[in-house]
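Source file: coords.cif; contents: mmCIF, C-alpha atoms.
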```cif
data_upload
#
loop_
_atom_site.label_atom_id
_atom_site.label_comp_id
_atom_site.auth_asym_id
_atom_site.auth_seq_id
_atom_site.Cartn_x
_atom_site.Cartn_y
_atom_site.Cartn_z
CA MET A 1358 0.74 34.41 4.72
CA SER A 1359 -0.06 31.01 6.03
CA THR A 1360 -2.33 28.27 4.88
CA VAL A 1361 -3.37 25.30 6.88
CA VAL A 1362 -2.34 22.17 5.07
CA THR A 1363 -4.63 19.84 6.91
CA GLU A 1364 -6.27 18.90 3.65
CA HIS A 1365 -8.60 16.01 3.90
CA GLU A 1366 -7.32 14.21 0.88
CA GLU A 1367 -8.21 10.58 1.10
CA PRO A 1368 -5.40 8.23 2.02
CA ALA A 1369 -4.72 5.45 -0.47
CA ASP A 1370 -6.45 2.90 1.62
CA GLU A 1371 -9.60 4.99 1.46
CA ALA A 1372 -9.82 3.63 -2.07
CA SER A 1373 -11.17 0.57 -0.27
CA PHE A 1374 -14.63 2.16 -0.50
CA THR A 1375 -15.02 3.19 -4.09
CA SER A 1376 -18.80 3.11 -4.36
CA ARG A 1377 -21.80 4.20 -2.31
CA ASN A 1378 -23.79 1.24 -3.62
CA ILE A 1379 -23.20 -1.62 -1.23
CA LEU A 1380 -24.27 -4.21 -3.83
CA GLU A 1381 -21.27 -3.29 -6.00
CA TYR A 1382 -18.97 -4.73 -3.31
CA VAL A 1383 -20.68 -8.11 -3.17
CA PRO A 1384 -19.01 -9.88 -6.18
CA GLY A 1385 -15.50 -8.76 -5.21
CA VAL A 1386 -15.93 -9.64 -1.53
CA LEU A 1387 -17.26 -13.06 -2.55
CA LEU A 1388 -14.16 -13.47 -4.74
CA LEU A 1389 -11.95 -12.57 -1.74
CA VAL A 1390 -13.79 -15.20 0.33
CA ALA A 1391 -13.50 -17.81 -2.46
CA VAL A 1392 -9.76 -17.22 -3.03
CA GLY A 1393 -9.12 -17.08 0.73
CA LEU A 1394 -10.99 -20.35 1.37
CA LEU A 1395 -9.24 -22.00 -1.56
CA GLY A 1396 -5.92 -20.95 -0.04
CA LYS A 1397 -6.90 -22.21 3.41
CA TYR A 1398 -8.00 -25.60 2.13
CA ALA A 1399 -5.11 -25.87 -0.33
CA GLN A 1400 -2.79 -26.05 2.69
CA VAL A 1401 -4.87 -28.89 4.15
CA TRP A 1402 -5.10 -30.75 0.80
CA TRP A 1403 -1.38 -30.28 0.10
CA ASN A 1404 -0.41 -31.75 3.47
CA LEU A 1405 -2.89 -34.60 3.05
CA LEU A 1406 -1.55 -35.42 -0.42
CA ALA A 1407 2.05 -35.26 0.80
CA HIS A 1408 1.16 -37.58 3.69
CA GLN A 1409 -0.65 -40.08 1.44
CA GLN A 1410 2.14 -40.11 -1.15
CA HIS A 1411 4.88 -40.16 1.52
CA TRP A 1412 6.41 -37.01 0.04
CA ARG A 1413 8.85 -34.99 2.10
CA VAL A 1414 7.77 -31.48 1.14
CA PRO A 1415 7.59 -28.26 3.15
CA ASP A 1416 4.27 -27.23 4.69
CA ILE A 1417 3.05 -24.38 2.47
CA GLU A 1418 1.08 -21.91 4.56
CA TYR A 1419 -2.44 -20.86 3.56
CA VAL A 1420 -1.12 -17.29 3.37
CA LEU A 1421 1.08 -18.17 0.40
CA TRP A 1422 -1.62 -20.26 -1.30
CA ALA A 1423 -4.15 -17.40 -1.02
CA ILE A 1424 -1.71 -14.83 -2.41
CA VAL A 1425 -0.59 -17.10 -5.26
CA PHE A 1426 -4.18 -17.96 -6.27
CA GLY A 1427 -5.01 -14.24 -6.25
CA LEU A 1428 -1.94 -13.44 -8.35
CA LEU A 1429 -2.87 -16.18 -10.83
CA VAL A 1430 -6.39 -14.81 -11.29
CA THR A 1431 -5.30 -11.19 -11.81
CA ASN A 1432 -2.33 -11.95 -14.04
CA THR A 1433 -3.93 -14.61 -16.25
CA VAL A 1434 -7.67 -14.18 -16.84
CA GLY A 1435 -7.61 -10.70 -15.29
CA LEU A 1436 -9.96 -9.12 -12.81
CA HIS A 1437 -13.33 -8.27 -14.34
CA ARG A 1438 -14.55 -4.82 -13.38
CA ILE A 1439 -17.56 -6.18 -11.46
CA PHE A 1440 -15.09 -7.57 -8.90
CA ARG A 1441 -12.94 -4.44 -8.51
CA ALA A 1442 -14.94 -2.54 -5.86
CA GLY A 1443 -15.14 -5.55 -3.59
CA VAL A 1444 -11.55 -6.69 -4.10
CA GLN A 1445 -10.28 -3.21 -3.17
CA THR A 1446 -11.86 -3.58 0.28
CA TYR A 1447 -8.92 -5.76 1.37
CA GLU A 1448 -7.38 -2.91 3.39
CA PHE A 1449 -10.66 -2.61 5.30
CA TRP A 1450 -10.47 -6.28 6.29
CA LEU A 1451 -6.81 -5.81 7.17
CA LYS A 1452 -7.66 -3.06 9.64
CA ILE A 1453 -10.51 -5.06 11.18
CA GLY A 1454 -8.01 -7.91 11.58
CA ILE A 1455 -5.46 -5.66 13.25
CA VAL A 1456 -7.99 -4.15 15.69
CA ALA A 1457 -9.29 -7.63 16.62
CA LEU A 1458 -5.70 -8.92 16.96
CA GLY A 1459 -5.36 -6.56 19.95
CA VAL A 1460 -7.09 -9.33 21.93
CA ARG A 1461 -3.90 -11.43 21.73
CA PHE A 1462 -1.68 -8.77 23.33
CA VAL A 1463 -1.31 -7.69 26.94
CA LEU A 1464 -1.23 -3.89 27.00
CA GLY A 1465 2.07 -3.85 28.89
CA ASP A 1466 3.69 -5.95 26.16
CA VAL A 1467 2.30 -3.61 23.51
CA VAL A 1468 3.87 -0.62 25.26
CA LYS A 1469 7.17 -2.46 25.76
CA LEU A 1470 7.45 -3.83 22.23
CA GLY A 1471 6.15 -0.54 20.82
CA GLY A 1472 8.89 1.29 22.74
CA ILE A 1473 11.62 -1.11 21.58
CA SER A 1474 10.50 -0.95 17.97
CA LEU A 1475 10.16 2.84 18.16
CA VAL A 1476 13.90 3.15 18.81
CA GLN A 1477 14.62 0.75 15.94
CA ILE A 1478 12.20 2.58 13.63
CA LEU A 1479 13.80 5.96 14.30
CA VAL A 1480 17.32 4.65 13.56
CA ASP A 1481 16.03 2.78 10.50
CA MET A 1482 14.15 5.83 9.20
CA ALA A 1483 17.11 8.18 9.54
CA LEU A 1484 19.58 5.82 7.82
CA ALA A 1485 17.28 4.45 5.13
CA GLY A 1486 15.57 7.77 4.41
CA GLY A 1487 18.93 9.49 3.90
CA ILE A 1488 20.26 6.77 1.59
CA ILE A 1489 17.07 6.71 -0.50
CA LEU A 1490 17.11 10.48 -0.93
CA ALA A 1491 20.77 10.27 -2.01
CA ALA A 1492 20.02 7.39 -4.45
CA ALA A 1493 17.04 9.29 -5.91
CA HIS A 1494 19.32 12.31 -6.47
CA PHE A 1495 22.00 10.08 -8.06
CA PHE A 1496 19.50 8.52 -10.51
CA GLY A 1497 18.15 11.95 -11.46
CA LEU A 1498 14.64 11.53 -10.02
CA SER A 1499 12.73 14.68 -9.08
CA GLY A 1500 13.17 15.84 -5.50
CA LYS A 1501 9.53 15.18 -4.72
CA LEU A 1502 9.59 11.65 -6.18
CA GLY A 1503 12.66 11.03 -4.01
CA SER A 1504 10.76 12.36 -0.98
CA LEU A 1505 7.78 10.12 -1.76
CA LEU A 1506 10.01 7.05 -2.14
CA ALA A 1507 11.79 7.89 1.13
CA ILE A 1508 8.47 8.34 2.93
CA GLY A 1509 7.00 5.17 1.44
CA THR A 1510 10.05 2.97 1.92
CA SER A 1511 11.21 4.10 5.32
CA ILE A 1512 7.81 4.73 6.92
CA CYS A 1513 4.66 3.06 5.88
CA GLY A 1514 4.03 2.44 2.26
CA VAL A 1515 1.17 3.55 0.11
CA SER A 1516 -0.87 5.27 2.83
CA ALA A 1517 2.11 7.47 3.71
CA ILE A 1518 2.72 8.36 0.07
CA VAL A 1519 -0.86 9.44 -0.52
CA ALA A 1520 -1.02 11.24 2.82
CA SER A 1521 2.03 13.25 1.68
CA LYS A 1522 0.69 13.97 -1.79
CA GLY A 1523 -1.25 17.11 -0.90
CA ALA A 1524 1.12 18.25 1.82
CA ILE A 1525 4.18 18.43 -0.46
CA ARG A 1526 2.21 19.24 -3.65
CA ALA A 1527 3.58 16.19 -5.48
CA ARG A 1528 2.61 15.53 -9.09
CA ASN A 1529 0.19 12.69 -9.75
CA SER A 1530 2.74 10.97 -11.99
CA ASP A 1531 5.32 10.99 -9.16
CA VAL A 1532 2.71 9.61 -6.77
CA GLY A 1533 1.84 6.86 -9.28
CA TYR A 1534 5.52 5.95 -9.73
CA ALA A 1535 6.19 5.84 -6.00
CA ILE A 1536 3.11 3.71 -5.26
CA ALA A 1537 3.93 1.25 -8.05
CA ALA A 1538 7.53 0.97 -6.83
CA ILE A 1539 6.44 0.37 -3.23
CA LEU A 1540 3.89 -2.26 -4.28
CA ALA A 1541 6.48 -4.03 -6.46
CA LEU A 1542 8.88 -4.12 -3.54
CA GLY A 1543 6.18 -5.38 -1.20
CA ALA A 1544 5.71 -8.34 -3.53
CA VAL A 1545 9.47 -8.96 -3.65
CA ALA A 1546 9.78 -8.76 0.16
CA LEU A 1547 6.84 -11.11 0.59
CA PHE A 1548 8.60 -13.92 -1.24
CA THR A 1549 12.22 -13.29 -0.21
CA LEU A 1550 12.20 -12.31 3.48
CA PRO A 1551 10.70 -15.56 4.87
CA VAL A 1552 13.24 -17.60 2.86
CA LEU A 1553 16.09 -15.40 4.12
CA GLY A 1554 14.71 -15.53 7.67
CA HIS A 1555 14.78 -19.33 7.66
CA ALA A 1556 18.25 -19.36 6.07
CA ILE A 1557 19.59 -17.00 8.76
CA GLY A 1558 17.80 -18.95 11.48
CA LEU A 1559 15.72 -16.12 12.92
CA THR A 1560 13.29 -16.87 15.73
CA ASP A 1561 9.60 -16.01 15.25
CA HIS A 1562 10.06 -12.93 17.41
CA GLU A 1563 13.11 -11.74 15.48
CA PHE A 1564 11.46 -12.34 12.11
CA GLY A 1565 8.30 -10.52 13.21
CA LEU A 1566 10.37 -7.52 14.23
CA TRP A 1567 12.30 -7.64 10.95
CA ALA A 1568 9.18 -7.87 8.77
CA GLY A 1569 7.46 -5.10 10.75
CA LEU A 1570 10.46 -2.83 10.35
CA SER A 1571 11.35 -3.49 6.72
CA VAL A 1572 8.23 -4.28 4.66
CA ASP A 1573 6.57 -1.09 3.51
CA ASN A 1574 2.89 -1.73 3.00
CA THR A 1575 0.84 -2.96 5.97
CA ALA A 1576 -0.96 -5.72 4.04
CA GLU A 1577 2.33 -7.12 2.72
CA THR A 1578 3.94 -6.76 6.17
CA THR A 1579 1.15 -8.82 7.72
CA ALA A 1580 1.36 -11.45 4.98
CA THR A 1581 5.17 -11.65 5.23
CA GLY A 1582 4.99 -12.14 9.01
CA TYR A 1583 2.25 -14.77 8.82
CA LEU A 1584 4.12 -16.58 6.04
CA TYR A 1585 6.87 -17.21 8.59
CA SER A 1586 4.60 -18.15 11.49
CA GLU A 1587 1.53 -16.92 13.34
CA GLN A 1588 3.68 -15.59 16.19
CA ALA A 1589 5.91 -13.71 13.73
CA GLY A 1590 2.78 -12.31 12.06
CA LYS A 1591 1.47 -10.90 15.34
CA ILE A 1592 4.77 -9.22 16.16
CA ALA A 1593 5.03 -7.85 12.60
CA VAL A 1594 1.55 -6.29 12.86
CA LEU A 1595 2.38 -4.63 16.17
CA VAL A 1596 5.70 -3.20 14.95
CA LYS A 1597 4.15 -2.02 11.69
CA SER A 1598 1.33 -0.30 13.59
CA THR A 1599 3.94 1.58 15.62
CA ARG A 1600 5.59 2.60 12.36
CA ASN A 1601 2.24 3.70 10.95
CA ALA A 1602 1.60 5.85 14.02
CA LEU A 1603 4.59 8.02 13.04
CA ILE A 1604 3.19 8.90 9.64
CA GLY A 1605 1.97 12.37 10.68
CA PHE A 1606 5.37 13.46 12.03
CA VAL A 1607 7.21 12.38 8.90
CA VAL A 1608 4.72 13.96 6.49
CA LEU A 1609 4.85 17.16 8.54
CA GLY A 1610 8.65 17.17 8.30
CA PHE A 1611 8.61 16.82 4.51
CA ALA A 1612 5.76 19.39 4.21
CA LEU A 1613 7.80 21.92 6.20
CA TYR A 1614 10.87 21.23 4.05
CA TRP A 1615 9.06 21.74 0.73
CA ALA A 1616 7.14 24.76 2.07
CA SER A 1617 10.45 26.36 3.09
CA ARG A 1618 11.55 26.02 -0.55
CA GLY A 1619 8.31 27.62 -1.73
CA GLU A 1620 7.22 24.41 -3.48
CA ALA A 1621 4.32 23.47 -1.19
CA ASP A 1622 1.64 25.28 0.81
CA ARG A 1623 2.89 26.76 4.05
CA VAL A 1624 1.96 24.85 7.16
CA SER A 1625 0.20 26.98 9.75
CA PRO A 1626 2.52 27.95 12.57
CA GLY A 1627 1.68 27.04 16.13
CA LEU A 1628 1.53 23.85 18.12
CA ARG A 1629 -2.23 23.41 17.74
CA ALA A 1630 -2.20 23.58 13.93
CA ARG A 1631 0.68 21.11 13.77
CA ALA A 1632 -0.95 18.78 16.27
CA LEU A 1633 -4.09 18.85 14.10
CA PHE A 1634 -1.97 18.08 11.03
CA ILE A 1635 -0.46 15.04 12.78
CA TRP A 1636 -3.87 13.87 14.06
CA ASP A 1637 -5.30 14.17 10.55
CA LYS A 1638 -2.67 11.74 9.25
CA PHE A 1639 -2.73 9.42 12.28
CA PRO A 1640 -4.01 5.89 11.50
CA LYS A 1641 -7.03 5.74 13.82
CA PHE A 1642 -7.33 1.95 13.76
CA VAL A 1643 -4.21 1.87 15.98
CA LEU A 1644 -6.42 3.33 18.74
CA GLY A 1645 -8.89 0.49 18.18
CA PHE A 1646 -6.05 -2.04 18.51
CA LEU A 1647 -4.96 -0.46 21.81
CA ALA A 1648 -8.54 -0.35 23.13
CA VAL A 1649 -9.07 -4.06 22.37
CA SER A 1650 -5.73 -4.90 23.96
CA ALA A 1651 -6.82 -2.92 27.08
CA ILE A 1652 -10.12 -4.87 27.21
CA ALA A 1653 -8.24 -8.18 26.98
CA THR A 1654 -5.74 -7.04 29.61
CA ALA A 1655 -8.58 -6.04 31.97
CA GLY A 1656 -9.80 -9.65 31.82
CA TRP A 1657 -13.24 -8.79 30.45
CA LEU A 1658 -13.12 -11.67 27.97
CA SER A 1659 -13.44 -15.36 28.72
CA LYS A 1660 -10.87 -17.71 27.18
CA GLY A 1661 -13.43 -18.97 24.67
CA GLN A 1662 -14.46 -15.46 23.61
CA THR A 1663 -10.81 -14.43 23.29
CA THR A 1664 -10.34 -17.31 20.86
CA ASN A 1665 -13.47 -16.26 18.96
CA VAL A 1666 -12.21 -12.67 18.52
CA ALA A 1667 -8.76 -13.95 17.51
CA ASN A 1668 -10.44 -16.15 14.90
CA VAL A 1669 -12.34 -13.11 13.55
CA SER A 1670 -8.90 -11.52 13.11
CA ARG A 1671 -7.66 -14.63 11.25
CA TRP A 1672 -10.62 -14.60 8.84
CA ALA A 1673 -10.18 -10.88 8.21
CA PHE A 1674 -6.48 -11.44 7.45
CA LEU A 1675 -7.39 -14.31 5.12
CA LEU A 1676 -9.46 -11.90 2.99
CA THR A 1677 -6.53 -9.46 3.10
CA PHE A 1678 -4.06 -12.06 1.81
CA ALA A 1679 -6.42 -12.95 -1.04
CA GLY A 1680 -6.71 -9.22 -1.79
CA VAL A 1681 -2.93 -8.74 -1.85
CA GLY A 1682 -2.67 -11.32 -4.64
CA LEU A 1683 -5.73 -10.10 -6.53
CA ASN A 1684 -4.52 -6.48 -6.43
CA THR A 1685 -0.99 -7.21 -7.69
CA ASN A 1686 -0.82 -6.72 -11.44
CA VAL A 1687 2.69 -7.59 -12.56
CA ARG A 1688 2.29 -5.98 -16.01
CA GLU A 1689 1.30 -2.64 -14.48
CA LEU A 1690 4.28 -2.77 -12.11
CA VAL A 1691 6.69 -3.48 -14.98
CA ARG A 1692 5.31 -0.47 -16.89
CA THR A 1693 6.50 1.84 -14.07
CA GLY A 1694 9.95 2.16 -15.56
CA TRP A 1695 13.26 1.04 -14.13
CA ARG A 1696 14.61 4.11 -12.35
CA PRO A 1697 12.07 4.49 -9.53
CA LEU A 1698 12.19 0.72 -9.12
CA VAL A 1699 16.00 0.72 -8.80
CA VAL A 1700 15.81 3.45 -6.14
CA ALA A 1701 13.06 1.54 -4.33
CA VAL A 1702 15.08 -1.71 -4.53
CA ILE A 1703 18.04 0.14 -3.00
CA GLY A 1704 15.60 1.36 -0.34
CA LEU A 1705 14.33 -2.16 0.38
CA VAL A 1706 17.85 -3.63 0.59
CA VAL A 1707 19.03 -0.79 2.85
CA VAL A 1708 15.96 -0.92 5.10
CA ALA A 1709 16.08 -4.73 5.27
CA ALA A 1710 19.83 -4.80 6.03
CA VAL A 1711 19.70 -2.00 8.59
CA SER A 1712 16.62 -3.39 10.34
CA LEU A 1713 18.05 -6.94 10.38
CA GLY A 1714 21.19 -5.56 12.03
CA LEU A 1715 19.08 -3.67 14.57
CA VAL A 1716 16.94 -6.73 15.31
CA LEU A 1717 19.98 -8.96 15.85
CA ILE A 1718 21.76 -6.38 18.01
CA THR A 1719 18.71 -5.69 20.19
CA SER A 1720 17.48 -9.27 20.52
CA ARG A 1721 20.75 -11.25 20.64
CA GLY A 1722 23.12 -8.57 21.92
CA LEU A 1723 20.93 -6.55 24.29
CA HIS A 1724 18.31 -9.27 24.93
CA TRP A 1725 15.36 -6.94 24.40
CA GLY A 1726 12.16 -8.71 23.54
CA ILE A 1727 8.63 -9.69 24.36
CA GLY A 1728 6.18 -12.14 22.91
CA ALA A 1729 2.56 -12.15 21.93
CA GLY A 1730 0.02 -14.37 23.57
CA MET B 565 -47.20 20.28 2.35
CA THR B 566 -47.53 17.69 -0.37
CA ALA B 567 -46.59 14.08 -0.42
CA SER B 568 -43.75 14.93 -2.76
CA ASP B 569 -42.46 17.45 -0.22
CA HIS B 570 -42.36 14.66 2.34
CA GLY B 571 -40.59 12.51 -0.23
CA GLY B 572 -38.09 15.30 -0.85
CA GLU B 573 -37.39 15.60 2.87
CA ALA B 574 -36.91 11.87 3.12
CA VAL B 575 -34.50 11.92 0.17
CA ASN B 576 -32.64 14.91 1.64
CA GLY B 577 -32.49 13.20 5.03
CA ALA B 578 -31.16 10.03 3.46
CA SER B 579 -28.58 11.90 1.40
CA THR B 580 -27.44 13.93 4.45
CA ARG B 581 -27.12 10.71 6.42
CA GLY B 582 -25.27 9.15 3.48
CA GLU B 583 -22.89 12.12 3.30
CA TYR B 584 -22.31 11.96 7.06
CA LEU B 585 -21.55 8.23 6.90
CA GLY B 586 -19.33 8.86 3.86
CA ARG B 587 -17.21 11.28 5.89
CA ILE B 588 -16.31 8.56 8.41
CA SER B 589 -12.86 7.31 7.45
CA LEU B 590 -11.99 3.72 6.65
CA ASP B 591 -9.91 3.49 9.84
CA TRP B 592 -12.91 4.43 11.96
CA TRP B 593 -15.22 2.03 10.08
CA ALA B 594 -12.78 -0.83 10.69
CA THR B 595 -12.54 0.14 14.37
CA ILE B 596 -16.33 0.35 14.69
CA VAL B 597 -16.90 -3.07 13.08
CA ALA B 598 -14.16 -4.77 15.12
CA GLY B 599 -15.38 -2.90 18.22
CA VAL B 600 -18.88 -4.33 17.81
CA VAL B 601 -17.37 -7.82 17.53
CA VAL B 602 -15.37 -7.30 20.73
CA LEU B 603 -18.36 -5.83 22.60
CA LEU B 604 -20.43 -8.89 21.62
CA ALA B 605 -17.59 -11.05 22.94
CA VAL B 606 -17.47 -9.10 26.22
CA ALA B 607 -21.23 -9.60 26.59
CA GLY B 608 -20.74 -13.31 25.84
CA LEU B 609 -22.97 -13.00 22.77
CA LEU B 610 -20.41 -13.68 20.06
CA PRO B 611 -21.13 -17.13 18.60
CA LYS B 612 -18.35 -19.69 18.28
CA ILE B 613 -16.09 -18.68 15.39
CA PRO B 614 -14.26 -21.74 14.03
CA TRP B 615 -10.93 -21.61 12.21
#
```

Represent the supplied structure as structure tokens.
Amino acid sequence: MSTVVTEHEEPADEASFTSRNILEYVPGVLLLVAVGLLGKYAQVWWNLLAHQQHWRVPDIEYVLWAIVFGLLVTNTVGLHRIFRAGVQTYEFWLKIGIVALGVRFVLGDVVKLGGISLVQILVDMALAGGIILAAAHFFGLSGKLGSLLAIGTSICGVSAIVASKGAIRARNSDVGYAIAAILALGAVALFTLPVLGHAIGLTDHEFGLWAGLSVDNTAETTATGYLYSEQAGKIAVLVKSTRNALIGFVVLGFALYWASRGEADRVSPGLRARALFIWDKFPKFVLGFLAVSAIATAGWLSKGQTTNVANVSRWAFLLTFAGVGLNTNVRELVRTGWRPLVVAVIGLVVVAAVSLGLVLITSRGLHWGIGAG
Amino acid sequence: MTASDHGGEAVNGASTRGEYLGRISLDWWATIVAGVVVLLAVAGLLPKIPW
């Protein structure tokens, strides 16, 4: 007996559209705009103040200001429910930003960097995934929670976890734990990786690769990269998109494993059914990014219009960064419990260490690399 | 056919259209919106976007 497991369960980021009534999004989107603008101008005001007072202080990027303002709102006065629908659209803005960012990449560079990062991702996934599964077993977590943490930590965060939910028949509580752990780690990575990157002396290219390989959730990956520099942000987005493109293969692997143990629906045999399964999980916005990169490479855009599209990407990312802060509720993350968090922390440290090693070997040892325009 | 029948058809049509639009995933919506922006840029119709 075989059952097709190409269920159309909504990925986590589909939660971005929680209502059919467009007016319900307006307050939250306006809040994203307000927090984003406040962050953008806080950078300008901070630098102006430092200049006037002759302070020697670091330039604090608008990315950090926007996230911190968002965090302050959610974790002090709280987010009123009228804002929730709009604030949850931040993943939508993120994807618009990524597609539009394609304008800054030559298609050949995308293929080259995608190929380089693919090798790194595969090594990273095998090592980190294995260690996380072993740590989950050691701390007595259920096999499926371990699988979800391995998928989320080594592949691509919340979207991957929710995409796996139906395929491996995971319990809702395990899914909730895994998502909370991944989000907590995203917040930790956001504030620690740029500091470590500067301490180690990574170039923008190296840091972008590192952030793209080691930060789990796409929004946090983008923010971490842009916190370092714009160039690092672009590279991080490209590497993370390559990682995201593998989601279908990984979920299929775990679905086959759990089906073989009789603890998930069987996946239909045959190449076509499995190709459909992978397509169902594939992040389609990656195709948009490639199409825009192809248009830019073909020279169909003037220099001025290229700048305009790149600026659309910047504005979309600004709303995303505000949304990352506004959607991070520290109290809820603490309530998750310590064990999944410990396993996820082990995952983050392992993924970060392994991917840093890979980045340094490939960029400084083998001299692989390419930049974004 | 009564006016209310016409109204019913209109409501059904709108709800079918709503359901169809609801089936389009977030990824595709983001690609469509960004695609429109890029097409406007290709046509030279995208206004200056400051940063």

> Separation of CA of Thr1431 (chain A) and CA of Ala1667 (chain A), in Å?
Replying inline: 29.7 Å

>> Show me, as a count of residues only, the residues of chain A whose atoms get within 7 Å of chain B, using all atoms listed in the file for the distance check.
In response: 17

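In this structure, CA of Leu1698 (chain A) sits 27.5 Å away from CA of Ala1442 (chain A).
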
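For the atom pair formed by CA of His1437 (chain A) and CA of Ala1546 (chain A), the distance is 27.3 Å, given to one decimal.
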
> Could you tell me, as a ChimeraX atom specification, which residues have any atom at most 12 Å from (0.0, -9.4, 30.9), counting only C-alpha atoms?
Replying inline: /A:1460-1469,1650-1656,1727-1730

Box time for region 1554-1569 of chain A: axis-aligned, enclosing all its listed atoms, 8 Å extra on each side; report centre and edge lengths in Å to one decimal, as JSON.
```
{"center_x": 13.5, "center_y": -12.2, "center_z": 11.7, "size_x": 28.1, "size_y": 30.3, "size_z": 27.3}
```

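Residue selection for this entry, given the PyMOL selection byres ((chain A and resi 1382) around 9), comprises Phe1374, Thr1375, Ser1376, Asn1378, Ile1379, Leu1380, Glu1381, Val1383, Pro1384, Gly1385, Val1386, Leu1387, Ile1439, Phe1440, Arg1441, Ala1442, Gly1443, Val1444, Gln1445 and Thr1446 of chain A.
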
Got time to write the residues from that selection, C-alpha atoms, as a short mmCIF file (atom, residue, chain, number, x, y, z; two decimals), keeping the file's coordinate frame?
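Dumped everything to selection_20.cif:
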```cif
data_model
loop_
_atom_site.label_atom_id
_atom_site.label_comp_id
_atom_site.auth_asym_id
_atom_site.auth_seq_id
_atom_site.Cartn_x
_atom_site.Cartn_y
_atom_site.Cartn_z
CA PHE A 1374 -14.63 2.16 -0.50
CA THR A 1375 -15.02 3.19 -4.09
CA SER A 1376 -18.80 3.11 -4.36
CA ASN A 1378 -23.79 1.24 -3.62
CA ILE A 1379 -23.20 -1.62 -1.23
CA LEU A 1380 -24.27 -4.21 -3.83
CA GLU A 1381 -21.27 -3.29 -6.00
CA VAL A 1383 -20.68 -8.11 -3.17
CA PRO A 1384 -19.01 -9.88 -6.18
CA GLY A 1385 -15.50 -8.76 -5.21
CA VAL A 1386 -15.93 -9.64 -1.53
CA LEU A 1387 -17.26 -13.06 -2.55
CA ILE A 1439 -17.56 -6.18 -11.46
CA PHE A 1440 -15.09 -7.57 -8.90
CA ARG A 1441 -12.94 -4.44 -8.51
CA ALA A 1442 -14.94 -2.54 -5.86
CA GLY A 1443 -15.14 -5.55 -3.59
CA VAL A 1444 -11.55 -6.69 -4.10
CA GLN A 1445 -10.28 -3.21 -3.17
CA THR A 1446 -11.86 -3.58 0.28
#
```
